[in-house]
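Below you'll find the structure, written out as structure tokens, and then a few comments.
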Amino acid sequence: MNEIQQLVEQIQTLLTESAQPQFKIIERLNQSLIEIVTGINSRLRRCDSLLEQGLRSEAIQLAEQEPDVLTAVSYLDFAEWEEWTDLVRQAGLQVAPEPLLETAAELNQSYTVESALEGHLKQHRLLALARAPLSKRLMVMRKIMNLDADNPVWQDDIEVFERQRFEQIRGELQQASQQGDADCLANLEQELTTTAWFTPPPKKLLSQTRNTHRQCRIQKAEQELKELEPKLTEAFAELDLEKARPLRNRWNALLQIAGQNPSESFRKTELLVQPALNWLDEEDQLQIEEQAYQQALFNLEQAISEQRSAEDLQELYHAATRTGRDLPTHLYQRYTDCMQYQETRSRRRFVLMVSSTIVTLLLVGLLLGYLIQKSNRQQEIATHTATLEELISRGKLPRAEEYRTQLQPQAWIMESPEIQQLSVRLDGALEQEQGRARQFQAKLNEITEQIHPEMNWEQISQAESATSKISPLAVTAEEKVQLGRMKLSLSRERSQLQKQVNDQFKQDVDKFTSQIQSLNTEEMVNINNAMTSLDELLVRKHVSPSLKNDLPKLKVVLQEKQNLIRRNEDLQRQYMQISNSVGNFDRYQKSLEEYIQKFPGTNQAIGFKKIIEKELPLWKQLKQWELLQRDWNQIQIRQLTPQLARSLLDRLKKLEAEEKAFPVPDTIQQLRPAVEAISARTDMNQEPAYSGLLEILEGPLYSNLNMVQTLDDKRYYTLLAPRELGARLIFDKFNNISLTRSENFSIDKSDVLLPGKLPDKKDELDWSSPQSKFTRKINEQIPHALDRSWETTFLNLLEELYNDKQMEPILKYQLLRSVLEIGCQGSLPLQQVFAADLKALSDVNVDPAANWIDPEDSRSQFSRKQVINKLKTLSSPLKKQAEIDKQLDQLSEQKQTVDYEWIGWLSHNAQGEPLVRFDISHPSRETGDLLVIAAEPETDQIFQTVGTMTQGKIKLNSPRVGADMKQPLLLNGRAVFCQVYVSQDK
């Protein structure tokens, strides 16, 4: 960070100086600023990318790496920025990019959000590490999203978690339903109905949860009702009202929960408990009647005590005896005494009244008294007649007989026609009742004799049918109790037999369930046999329907296992198809796409889609690298043409320009300089690199110039061959390099070094200048340089120049340097072998104004001396032939290359352990490291090692996260390559 601060301070100091700053200082500071700002902006962009992905913590961690991004931006955002950029532009330099201040501001804002989220994020991480229930994790995530509303990642994650929670609820719902856990079902229903979901719960799931909860409550209620049945029946058998009434109250409360549509098994329970309920209803009615009877007795007794009128007493008497029950003896005696007293008192009062009248009215009084007495007796007879008739009509024959017995002491009442008629009727009814009672008892005894512990279903049904037929004969309470007890006995026998059948059924179901649990679910035949056994259990007779409630669920489980096996078979077939397509990119992509279509929405399908989109292009790119490496490995460096070299380099550069480029193989790196040199032998238009030199050599200075050389090593150049005039030679010699000035010149023939004869004209001398001869030779030889003999051609030309003693030294130096530069341009061995020579020639500073064509020119004489001294330091080019051949042999010798054999693809087994699937019909037997290609943008290492292969045996490393990566390496569908080192003989 001090470096950035010092740089900014240096810039600010430079801007405050009055003197014009030096260019080198501006250039140095600007270059440093460009490097720093570019680096900081690059990190800011990476931070921004992480923020867009919702990875705020990772962005902050990246920003806080040294140097701290926000601190650096604060230094770089100095006030003199515009002034500095103007100064850089004036100096003609590239202006540094401006710091990404907006991105830095967004990053700074993320610190505030991160601070508020820290506690919740910590809790979120702890819950994740502890594998806490999704419901708790969702609560924390919703709090985080409320604080971090601008981050779409949380809502996406919450929606994903909510979908997973719905799946969990389905599982918990099924488990709670199987276990009958009503509390758990209630909690699930509350969670679904009261939680603020981003994704509304599926209506089917909500309805299923409510129905399951309601059904569970009904089942619980029916179960408890079934448990109450034997308790109520036992209380009924013991005639224990205090024990029976609380049980009936609980029964009625549970019956409200069970609803209006009870199950078939519960209907049978209701039938079993109905006698006890009827008995309780009868006892309640008897209790009500008893209370009313006691109240009537109390009212009558109080009226007697108050000596109320006879009419009131008679009315209260009838109210008390309305049900056919007689008055207690003492009360009846008080009632009769009171009535007689009332009658006596009435008569006395009447006698006293009549005695006070005239004697004549005595007869009328006596008659009136008789009529009154008779009327009272008729009224009393009518009362007893109504009571007796009511008792007979209501079937209260024992009470009617008891009532008649109470009337017998009063002969005048018994002798009345009404009572006599009712007595006859009562005797007939009593005789008929005795016959009914005998018939009831006989049939009851007959049925009772049929009841025994070894009864079967048919015998129980016959006894129950006979019982229902004699039910109308049970009239008295004792008979009803006897009938109820017999029904209870039958019910117990039925329950015992039902228990035996149910126990056997339970044992068979438990055995069947155990078989299912230990079932090999990988074989469809086992599942089919289990389905047959389950169907036999479903149709078994006389089993309580409630015991079969779970059988459909078991059938669903078996069907799910069937579907799972079919799905696994489809999955294995798809895996095999993917494995068989290893090595063929198009087939592999098609196999992954077919998997995505067959299993849409699964995590694996989503992963395969990412593989197709992001990694498959990289695999194809790796294949292109392999093909390119293979072509480079087949290079014969002596036979390589410039066109083929340029084609190889273009392919290399194209692959290097990919967004996610692979590292260049070492073999290509080693050959690249040599191939680049060969490609430089021609330009893009296939023009040879030496074309420019040939054009220069075509000029008059080189091609058509003759030379006359004296014995003292002076050279005169002429366009035409010299003429002999006696002992002298006459010619027009040039005085300047541009050949624009010439003068007639003659020299004694004896002072001249005579040349040899012309090859085709033996009588003529060859006055051609050495450069002209060299021009003809280079035109003859240099075209062969492109015919795989570049080094040989240029070595011969260099040797020709090196051995030429007649050529002007300055011109020889220029030609040597030009030919050597062109030769080195097209050959790496020439560059390396002649590097010292080329540097030596480059170090010579020849005066460009030296007029070497004029032997008397003083400036050229100085340059010529320099050149001659330098040329003496050079050795024969042909002496370097062996070194050049050695380097060519090294470039052509055997190379060790790296091949990446696609041996399979990554997958996971049922336990989540990673494995490599491959084509079992063509297994690899290679030995080497196992690699995958990481397409994640946050890593620079495109190859990641995941294991080893030793002669076909695969060993994967422990699952981990790749270097600088946030995603695991062992992703399903990712291709696995074996890195194999191969030696290829060129």
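Quick note on naming: the chains in the structure tokens go A, B, ... in the order shown, residues restart at 1 in each chain, and ligands are numbered from 1 in order of appearance.
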Where in range 128-211 of chain A does DSSP assign helix (DSSP H, G or I), given as a short mmCIF file (atom, residue, chain, number, x, y, z; two decimals) with N, CA, C and O atoms, in the first residue's frame?
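Final output, saved to states.cif:
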data_model
loop_
_atom_site.label_atom_id
_atom_site.label_comp_id
_atom_site.auth_asym_id
_atom_site.auth_seq_id
_atom_site.Cartn_x
_atom_site.Cartn_y
_atom_site.Cartn_z
N ALA A 128 -26.17 -25.11 9.11
CA ALA A 128 -25.80 -25.93 7.96
C ALA A 128 -24.81 -27.01 8.36
O ALA A 128 -24.94 -28.18 7.97
N LEU A 129 -23.81 -26.62 9.18
CA LEU A 129 -22.82 -27.61 9.62
C LEU A 129 -23.46 -28.68 10.51
O LEU A 129 -23.06 -29.85 10.47
N LEU A 134 -34.62 -28.32 8.05
CA LEU A 134 -34.81 -27.25 7.06
C LEU A 134 -35.73 -26.16 7.59
O LEU A 134 -35.58 -25.00 7.23
N SER A 135 -36.69 -26.53 8.44
CA SER A 135 -37.62 -25.53 8.94
C SER A 135 -36.88 -24.45 9.73
O SER A 135 -37.15 -23.26 9.58
N LYS A 136 -35.90 -24.85 10.57
CA LYS A 136 -35.11 -23.88 11.33
C LYS A 136 -34.20 -23.06 10.41
O LYS A 136 -34.06 -21.85 10.57
N ARG A 137 -33.59 -23.75 9.45
CA ARG A 137 -32.69 -23.03 8.53
C ARG A 137 -33.47 -22.02 7.68
O ARG A 137 -32.98 -20.93 7.39
N LEU A 138 -34.69 -22.37 7.32
CA LEU A 138 -35.51 -21.44 6.52
C LEU A 138 -35.87 -20.21 7.33
O LEU A 138 -35.91 -19.10 6.79
N MET A 139 -36.13 -20.36 8.62
CA MET A 139 -36.45 -19.21 9.46
C MET A 139 -35.29 -18.21 9.46
O MET A 139 -35.48 -17.00 9.30
N VAL A 140 -34.05 -18.73 9.61
CA VAL A 140 -32.87 -17.85 9.62
C VAL A 140 -32.66 -17.22 8.24
O VAL A 140 -32.35 -16.03 8.13
N MET A 141 -32.84 -18.02 7.18
CA MET A 141 -32.63 -17.50 5.83
C MET A 141 -33.64 -16.39 5.50
O MET A 141 -33.30 -15.43 4.80
N ARG A 142 -34.86 -16.51 6.00
CA ARG A 142 -35.85 -15.45 5.75
C ARG A 142 -35.44 -14.16 6.46
O ARG A 142 -35.63 -13.07 5.94
N LYS A 143 -34.88 -14.28 7.67
CA LYS A 143 -34.37 -13.09 8.36
C LYS A 143 -33.24 -12.46 7.58
O LYS A 143 -33.16 -11.23 7.43
N ILE A 144 -32.34 -13.31 7.04
CA ILE A 144 -31.21 -12.79 6.25
C ILE A 144 -31.71 -12.09 5.00
O ILE A 144 -31.22 -11.02 4.64
N MET A 145 -32.71 -12.66 4.35
CA MET A 145 -33.21 -12.06 3.11
C MET A 145 -33.86 -10.70 3.38
O MET A 145 -33.77 -9.79 2.57
N ASN A 146 -34.54 -10.57 4.54
CA ASN A 146 -35.15 -9.28 4.88
C ASN A 146 -34.08 -8.21 5.05
O ASN A 146 -34.30 -7.04 4.71
N LEU A 147 -32.90 -8.60 5.59
CA LEU A 147 -31.80 -7.64 5.74
C LEU A 147 -31.03 -7.44 4.45
O LEU A 147 -30.47 -6.37 4.21
N PRO A 152 -30.42 -11.38 -4.81
CA PRO A 152 -31.42 -12.36 -5.28
C PRO A 152 -31.08 -13.78 -4.88
O PRO A 152 -31.91 -14.67 -5.00
N VAL A 153 -29.84 -14.01 -4.44
CA VAL A 153 -29.41 -15.37 -4.15
C VAL A 153 -30.24 -15.96 -3.01
O VAL A 153 -30.61 -17.14 -3.04
N TRP A 154 -30.54 -15.11 -2.00
CA TRP A 154 -31.25 -15.65 -0.83
C TRP A 154 -32.64 -16.13 -1.20
O TRP A 154 -33.07 -17.20 -0.78
N GLN A 155 -33.33 -15.30 -2.01
CA GLN A 155 -34.68 -15.74 -2.41
C GLN A 155 -34.61 -17.02 -3.23
O GLN A 155 -35.43 -17.93 -3.06
N ASP A 156 -33.61 -17.09 -4.12
CA ASP A 156 -33.46 -18.32 -4.92
C ASP A 156 -33.20 -19.51 -4.00
O ASP A 156 -33.80 -20.58 -4.16
N ASP A 157 -32.29 -19.31 -3.02
CA ASP A 157 -31.98 -20.41 -2.09
C ASP A 157 -33.19 -20.79 -1.25
O ASP A 157 -33.46 -21.97 -1.00
N ILE A 158 -33.93 -19.74 -0.80
CA ILE A 158 -35.11 -20.02 0.02
C ILE A 158 -36.13 -20.82 -0.79
O ILE A 158 -36.73 -21.78 -0.30
N GLU A 159 -36.33 -20.42 -2.05
CA GLU A 159 -37.28 -21.16 -2.89
C GLU A 159 -36.83 -22.60 -3.08
O GLU A 159 -37.64 -23.53 -3.04
N VAL A 160 -35.52 -22.79 -3.26
CA VAL A 160 -35.00 -24.17 -3.40
C VAL A 160 -35.22 -24.93 -2.10
O VAL A 160 -35.69 -26.08 -2.10
N PHE A 161 -34.89 -24.30 -0.96
CA PHE A 161 -35.07 -24.95 0.33
C PHE A 161 -36.54 -25.23 0.61
O PHE A 161 -36.89 -26.25 1.20
N GLU A 162 -37.42 -24.28 0.22
CA GLU A 162 -38.85 -24.49 0.43
C GLU A 162 -39.34 -25.71 -0.36
O GLU A 162 -40.13 -26.50 0.15
N ARG A 163 -38.87 -25.83 -1.59
CA ARG A 163 -39.26 -27.01 -2.37
C ARG A 163 -38.75 -28.28 -1.70
O ARG A 163 -39.46 -29.29 -1.63
N GLN A 164 -37.52 -28.22 -1.19
CA GLN A 164 -37.00 -29.37 -0.47
C GLN A 164 -37.79 -29.62 0.81
O GLN A 164 -38.03 -30.77 1.20
N ARG A 165 -38.20 -28.52 1.50
CA ARG A 165 -39.00 -28.67 2.72
C ARG A 165 -40.34 -29.32 2.41
O ARG A 165 -40.81 -30.16 3.18
N PHE A 166 -40.94 -28.94 1.27
CA PHE A 166 -42.20 -29.57 0.87
C PHE A 166 -42.00 -31.08 0.69
O PHE A 166 -42.85 -31.88 1.09
N GLU A 167 -40.85 -31.43 0.09
CA GLU A 167 -40.56 -32.86 -0.08
C GLU A 167 -40.38 -33.52 1.29
O GLU A 167 -40.84 -34.64 1.52
N GLN A 168 -39.69 -32.83 2.22
CA GLN A 168 -39.54 -33.37 3.57
C GLN A 168 -40.89 -33.54 4.26
O GLN A 168 -41.14 -34.54 4.93
N ILE A 169 -41.74 -32.52 4.08
CA ILE A 169 -43.07 -32.58 4.72
C ILE A 169 -43.83 -33.79 4.19
O ILE A 169 -44.53 -34.47 4.94
N ARG A 170 -43.68 -34.05 2.89
CA ARG A 170 -44.34 -35.24 2.34
C ARG A 170 -43.84 -36.49 3.05
O ARG A 170 -44.64 -37.38 3.42
N GLY A 171 -42.51 -36.58 3.24
CA GLY A 171 -41.96 -37.74 3.94
C GLY A 171 -42.40 -37.78 5.39
O GLY A 171 -42.79 -38.84 5.91
N GLU A 172 -42.33 -36.62 6.09
CA GLU A 172 -42.75 -36.57 7.49
C GLU A 172 -44.23 -36.87 7.63
O GLU A 172 -44.67 -37.50 8.60
N LEU A 173 -45.01 -36.40 6.63
CA LEU A 173 -46.44 -36.66 6.65
C LEU A 173 -46.71 -38.16 6.54
O LEU A 173 -47.53 -38.71 7.29
N GLN A 174 -45.98 -38.81 5.63
CA GLN A 174 -46.16 -40.25 5.48
C GLN A 174 -45.73 -41.00 6.73
O GLN A 174 -46.42 -41.90 7.21
N GLN A 175 -44.59 -40.58 7.31
CA GLN A 175 -44.10 -41.25 8.52
C GLN A 175 -45.04 -41.03 9.70
O GLN A 175 -45.36 -41.96 10.44
N ALA A 176 -45.49 -39.77 9.87
CA ALA A 176 -46.41 -39.47 10.98
C ALA A 176 -47.73 -40.20 10.79
O ALA A 176 -48.35 -40.64 11.75
N SER A 177 -48.16 -40.32 9.51
CA SER A 177 -49.40 -41.04 9.24
C SER A 177 -49.26 -42.51 9.59
O SER A 177 -50.16 -43.11 10.19
N GLN A 178 -48.09 -43.10 9.24
CA GLN A 178 -47.88 -44.51 9.56
C GLN A 178 -47.80 -44.73 11.07
O GLN A 178 -48.27 -45.74 11.58
N GLN A 179 -47.17 -43.79 11.79
CA GLN A 179 -47.01 -43.92 13.24
C GLN A 179 -48.22 -43.42 14.01
O GLN A 179 -48.28 -43.60 15.23
N ALA A 182 -50.42 -37.77 15.92
CA ALA A 182 -51.34 -36.65 15.71
C ALA A 182 -50.68 -35.31 16.00
O ALA A 182 -50.96 -34.32 15.33
N ASP A 183 -49.81 -35.25 17.03
CA ASP A 183 -49.13 -33.99 17.35
C ASP A 183 -48.25 -33.54 16.19
O ASP A 183 -48.23 -32.35 15.83
N CYS A 184 -47.51 -34.46 15.61
CA CYS A 184 -46.65 -34.11 14.46
C CYS A 184 -47.50 -33.64 13.28
O CYS A 184 -47.16 -32.66 12.61
N LEU A 185 -48.61 -34.30 13.04
CA LEU A 185 -49.49 -33.89 11.93
C LEU A 185 -50.06 -32.50 12.20
O LEU A 185 -50.19 -31.70 11.27
N ALA A 186 -50.40 -32.22 13.44
CA ALA A 186 -50.91 -30.89 13.78
C ALA A 186 -49.85 -29.83 13.52
O ALA A 186 -50.14 -28.75 12.98
N ASN A 187 -48.60 -30.12 13.90
CA ASN A 187 -47.51 -29.16 13.66
C ASN A 187 -47.28 -28.95 12.18
O ASN A 187 -47.03 -27.82 11.73
N LEU A 188 -47.35 -30.02 11.39
CA LEU A 188 -47.17 -29.89 9.93
C LEU A 188 -48.27 -29.04 9.32
O LEU A 188 -48.01 -28.18 8.47
N GLU A 189 -49.50 -29.26 9.75
CA GLU A 189 -50.61 -28.46 9.21
C GLU A 189 -50.45 -26.99 9.60
O GLU A 189 -50.67 -26.10 8.78
N GLN A 190 -50.02 -26.74 10.85
CA GLN A 190 -49.80 -25.35 11.28
C GLN A 190 -48.69 -24.70 10.48
O GLN A 190 -48.79 -23.53 10.08
N GLU A 191 -47.58 -25.46 10.23
CA GLU A 191 -46.46 -24.91 9.45
C GLU A 191 -46.89 -24.54 8.04
O GLU A 191 -46.53 -23.49 7.51
N LEU A 192 -47.70 -25.40 7.42
CA LEU A 192 -48.12 -25.16 6.04
C LEU A 192 -49.09 -23.98 5.94
O LEU A 192 -49.09 -23.25 4.95
N THR A 193 -49.93 -23.79 6.96
CA THR A 193 -50.99 -22.78 6.88
C THR A 193 -50.60 -21.42 7.45
O THR A 193 -51.20 -20.41 7.10
N THR A 194 -49.58 -21.38 8.33
CA THR A 194 -49.24 -20.11 8.98
C THR A 194 -47.92 -19.51 8.53
O THR A 194 -47.65 -18.34 8.82
N LYS A 203 -51.28 -27.26 -3.36
CA LYS A 203 -52.63 -27.46 -2.83
C LYS A 203 -52.86 -28.93 -2.47
O LYS A 203 -53.53 -29.23 -1.49
N LYS A 204 -52.29 -29.81 -3.27
CA LYS A 204 -52.45 -31.23 -3.00
C LYS A 204 -51.81 -31.60 -1.67
O LYS A 204 -52.38 -32.36 -0.89
N LEU A 205 -50.61 -31.05 -1.40
CA LEU A 205 -49.92 -31.34 -0.14
C LEU A 205 -50.70 -30.78 1.04
O LEU A 205 -50.85 -31.44 2.08
N LEU A 206 -51.21 -29.53 0.89
CA LEU A 206 -51.98 -28.91 1.98
C LEU A 206 -53.24 -29.71 2.27
O LEU A 206 -53.57 -30.00 3.43
N SER A 207 -53.95 -30.09 1.20
CA SER A 207 -55.17 -30.87 1.38
C SER A 207 -54.86 -32.23 1.98
O SER A 207 -55.57 -32.71 2.89
N GLN A 208 -53.77 -32.85 1.51
CA GLN A 208 -53.39 -34.16 2.03
C GLN A 208 -53.04 -34.08 3.52
O GLN A 208 -53.39 -34.97 4.31
N THR A 209 -52.33 -33.00 3.92
CA THR A 209 -51.96 -32.84 5.33
C THR A 209 -53.20 -32.68 6.20
O THR A 209 -53.33 -33.30 7.26
N ARG A 210 -54.14 -31.81 5.74
CA ARG A 210 -55.36 -31.61 6.53
C ARG A 210 -56.16 -32.91 6.64
O ARG A 210 -56.63 -33.27 7.73
N ASN A 211 -56.32 -33.59 5.51
CA ASN A 211 -57.10 -34.83 5.52
C ASN A 211 -56.43 -35.89 6.40
O ASN A 211 -57.11 -36.61 7.15
#
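Every protein or nucleic acid residue with an atom no more than 10 Å from Leu558 in chain A, counting only C-alpha atoms and leaving out same-chain residues fewer than 6 positions away, appears here: Ile516, Thr521, Ile527, Asn528, Ala530, Met531, Leu534, Pro552 and Leu564 of chain A.
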Limited to N, CA and C atoms, could you put the picked residues into a file as a PDB file, in the first residue's frame?
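Result saved to selection.pdb:
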ATOM      1  N   ILE A 516     -40.359 -57.755   3.727  1.00  0.00           N
ATOM      2  CA  ILE A 516     -40.187 -56.575   2.866  1.00  0.00           C
ATOM      3  C   ILE A 516     -38.922 -55.818   3.245  1.00  0.00           C
ATOM      4  N   THR A 521     -34.190 -55.417  -3.000  1.00  0.00           N
ATOM      5  CA  THR A 521     -34.980 -54.562  -3.899  1.00  0.00           C
ATOM      6  C   THR A 521     -34.366 -54.408  -5.274  1.00  0.00           C
ATOM      7  N   ILE A 527     -39.927 -58.516  -5.650  1.00  0.00           N
ATOM      8  CA  ILE A 527     -41.021 -57.544  -5.475  1.00  0.00           C
ATOM      9  C   ILE A 527     -42.337 -58.139  -5.957  1.00  0.00           C
ATOM     10  N   ASN A 528     -42.327 -58.840  -7.079  1.00  0.00           N
ATOM     11  CA  ASN A 528     -43.558 -59.442  -7.616  1.00  0.00           C
ATOM     12  C   ASN A 528     -44.097 -60.504  -6.669  1.00  0.00           C
ATOM     13  N   ALA A 530     -43.659 -60.590  -3.451  1.00  0.00           N
ATOM     14  CA  ALA A 530     -44.197 -59.856  -2.303  1.00  0.00           C
ATOM     15  C   ALA A 530     -45.567 -59.275  -2.625  1.00  0.00           C
ATOM     16  N   MET A 531     -45.771 -58.799  -3.829  1.00  0.00           N
ATOM     17  CA  MET A 531     -47.074 -58.262  -4.222  1.00  0.00           C
ATOM     18  C   MET A 531     -48.137 -59.356  -4.182  1.00  0.00           C
ATOM     19  N   LEU A 534     -49.053 -59.988  -0.612  1.00  0.00           N
ATOM     20  CA  LEU A 534     -49.844 -58.862  -0.108  1.00  0.00           C
ATOM     21  C   LEU A 534     -51.288 -58.964  -0.576  1.00  0.00           C
ATOM     22  N   PRO A 552     -52.774 -51.221   2.166  1.00  0.00           N
ATOM     23  CA  PRO A 552     -52.628 -50.414   0.935  1.00  0.00           C
ATOM     24  C   PRO A 552     -51.360 -49.565   0.937  1.00  0.00           C
ATOM     25  N   LEU A 564     -39.045 -47.758  -8.358  1.00  0.00           N
ATOM     26  CA  LEU A 564     -37.649 -47.418  -8.108  1.00  0.00           C
ATOM     27  C   LEU A 564     -36.713 -48.358  -8.863  1.00  0.00           C
TER      28      LEU A 564
END
Write out as number ranges by chain each polymer residue whose atoms come within 12 Å of Cys47 in chain A, counting only C-alpha atoms; drop sequence neighbours fewer than 2 positions from it. A: 40-45, 49-65, 69-70, 100, 103-108, 110, 938
For the residues in the current selection, export N, CA and C atoms as a short mmCIF file (atom, residue, chain, number, x, y, z; two decimals), in the first residue's frame.
data_model
loop_
_atom_site.label_atom_id
_atom_site.label_comp_id
_atom_site.auth_asym_id
_atom_site.auth_seq_id
_atom_site.Cartn_x
_atom_site.Cartn_y
_atom_site.Cartn_z
N ILE A 40 -5.89 -3.10 -9.75
CA ILE A 40 -6.99 -2.79 -8.81
C ILE A 40 -8.35 -2.94 -9.50
N ASN A 41 -8.47 -2.44 -10.74
CA ASN A 41 -9.73 -2.56 -11.48
C ASN A 41 -10.07 -4.03 -11.74
N SER A 42 -9.04 -4.82 -12.03
CA SER A 42 -9.29 -6.25 -12.26
C SER A 42 -9.88 -6.89 -11.00
N ARG A 43 -9.33 -6.57 -9.84
CA ARG A 43 -9.87 -7.12 -8.60
C ARG A 43 -11.26 -6.58 -8.32
N LEU A 44 -11.47 -5.30 -8.65
CA LEU A 44 -12.81 -4.72 -8.45
C LEU A 44 -13.84 -5.44 -9.32
N ARG A 45 -13.46 -5.74 -10.57
CA ARG A 45 -14.40 -6.46 -11.44
C ARG A 45 -14.69 -7.85 -10.89
N SER A 49 -18.27 -9.18 -9.78
CA SER A 49 -18.85 -10.44 -10.26
C SER A 49 -19.31 -11.30 -9.09
N LEU A 50 -18.51 -11.35 -8.02
CA LEU A 50 -18.90 -12.13 -6.84
C LEU A 50 -20.14 -11.54 -6.17
N LEU A 51 -20.21 -10.19 -6.14
CA LEU A 51 -21.40 -9.55 -5.56
C LEU A 51 -22.64 -9.87 -6.37
N GLU A 52 -22.51 -9.86 -7.70
CA GLU A 52 -23.66 -10.18 -8.54
C GLU A 52 -24.12 -11.62 -8.30
N GLN A 53 -23.19 -12.50 -7.96
CA GLN A 53 -23.55 -13.88 -7.68
C GLN A 53 -24.05 -14.06 -6.25
N GLY A 54 -24.05 -12.99 -5.46
CA GLY A 54 -24.48 -13.08 -4.07
C GLY A 54 -23.40 -13.52 -3.12
N LEU A 55 -22.15 -13.59 -3.60
CA LEU A 55 -21.03 -14.05 -2.76
C LEU A 55 -20.35 -12.84 -2.12
N ARG A 56 -21.06 -12.17 -1.20
CA ARG A 56 -20.57 -10.93 -0.62
C ARG A 56 -19.32 -11.19 0.25
N SER A 57 -19.38 -12.24 1.06
CA SER A 57 -18.23 -12.52 1.93
C SER A 57 -16.98 -12.80 1.12
N GLU A 58 -17.15 -13.55 0.02
CA GLU A 58 -16.00 -13.84 -0.83
C GLU A 58 -15.46 -12.56 -1.48
N ALA A 59 -16.40 -11.67 -1.87
CA ALA A 59 -15.98 -10.41 -2.48
C ALA A 59 -15.19 -9.57 -1.48
N ILE A 60 -15.66 -9.50 -0.24
CA ILE A 60 -14.95 -8.72 0.79
C ILE A 60 -13.59 -9.35 1.09
N GLN A 61 -13.57 -10.67 1.17
CA GLN A 61 -12.29 -11.35 1.41
C GLN A 61 -11.30 -11.06 0.30
N LEU A 62 -11.77 -11.08 -0.95
CA LEU A 62 -10.89 -10.77 -2.08
C LEU A 62 -10.43 -9.32 -2.02
N ALA A 63 -11.33 -8.41 -1.65
CA ALA A 63 -10.99 -6.98 -1.61
C ALA A 63 -9.97 -6.68 -0.51
N GLU A 64 -9.98 -7.44 0.57
CA GLU A 64 -9.10 -7.15 1.70
C GLU A 64 -7.71 -7.76 1.55
N GLN A 65 -7.51 -8.50 0.48
CA GLN A 65 -6.16 -9.01 0.23
C GLN A 65 -5.23 -7.83 -0.06
N VAL A 69 -8.26 -3.11 -1.55
CA VAL A 69 -8.79 -2.44 -2.75
C VAL A 69 -9.35 -1.07 -2.42
N LEU A 70 -10.18 -0.97 -1.39
CA LEU A 70 -10.82 0.32 -1.09
C LEU A 70 -9.79 1.36 -0.65
N LEU A 100 -12.39 2.23 -10.96
CA LEU A 100 -13.83 1.95 -11.01
C LEU A 100 -14.45 2.39 -9.68
N THR A 103 -17.98 0.89 -8.72
CA THR A 103 -17.86 -0.48 -8.20
C THR A 103 -17.30 -0.46 -6.78
N ALA A 104 -16.31 0.41 -6.54
CA ALA A 104 -15.74 0.52 -5.20
C ALA A 104 -16.81 0.97 -4.19
N ALA A 105 -17.70 1.91 -4.62
CA ALA A 105 -18.76 2.37 -3.72
C ALA A 105 -19.72 1.23 -3.37
N GLU A 106 -20.06 0.42 -4.41
CA GLU A 106 -20.93 -0.73 -4.14
C GLU A 106 -20.26 -1.72 -3.19
N LEU A 107 -18.97 -1.91 -3.38
CA LEU A 107 -18.22 -2.82 -2.50
C LEU A 107 -18.20 -2.27 -1.07
N ASN A 108 -18.02 -0.96 -0.93
CA ASN A 108 -18.02 -0.34 0.40
C ASN A 108 -19.37 -0.50 1.07
N SER A 110 -21.37 -2.92 0.65
CA SER A 110 -21.53 -4.32 1.05
C SER A 110 -20.96 -4.58 2.44
N GLU A 938 -13.28 -18.84 -11.54
CA GLU A 938 -12.45 -18.32 -10.46
C GLU A 938 -11.11 -19.03 -10.34
#
If I take CA of Trp412 in chain A and CA of Tyr341 in chain A, how far is one from the other in Å, to one decimal? 18.8 Å
Give me, as a list of chain:residue names, all polymer residues having an atom no more than 12 Å from Asp713 in chain A, counting only C-alpha atoms and skipping those fewer than 5 positions away in the same chain.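 These residues fall inside the cut-off: A:Met707, A:Val708, A:Asp751, A:Val752, A:Leu753, A:Lys805, A:Gln806, A:Met807, A:Glu808, A:Pro809, A:Pro855, A:Glu856.
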Taken to one decimal, the CA of Gln951 in chain A-CA of Arg925 in chain A distance is 4.6 Å
How far is it from CA of Gln109 in chain A to CA of Asp68 in chain A, in Å with one decimal?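 It comes out at 15.5 Å.
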Find, counting only C-alpha atoms, the residue in A:Glu893, A:Glu458, A:Glu390, A:Glu791 that gets nearest to Ile635 in chain A.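 Using only C-alpha atoms, the shortest distance to Ile635 in chain A belongs to A:Glu893.
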Residues near Leu644 in chain A, cut-off 12 Å, only C-alpha atoms, skip fewer than 5 positions along chain, as number ranges by chain: A: 631-632, 634-637, 639, 649-651, 675-676, 678-682, 686
Identify, on the basis of only C-alpha atoms, every residue whose closest approach to range 239-246 of chain A does not exceed 12 Å; exclude the query and any residue fewer than 4 positions from it along the same chain; express the result as a list in words.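 Surrounding residues, per the criterion: Leu228, Glu229, Pro230, Lys231, Leu232, Thr233, Glu234, Ala235, Arg250, Trp251, Asn252, Ala253, Val273, Pro275, Ala276, Leu277, Asn278, Trp279, Leu280, Asp281, Glu282, Glu283, Asp284, Gln287, Glu478, Val481, Gln482, Gly484 and Arg485 of chain A.
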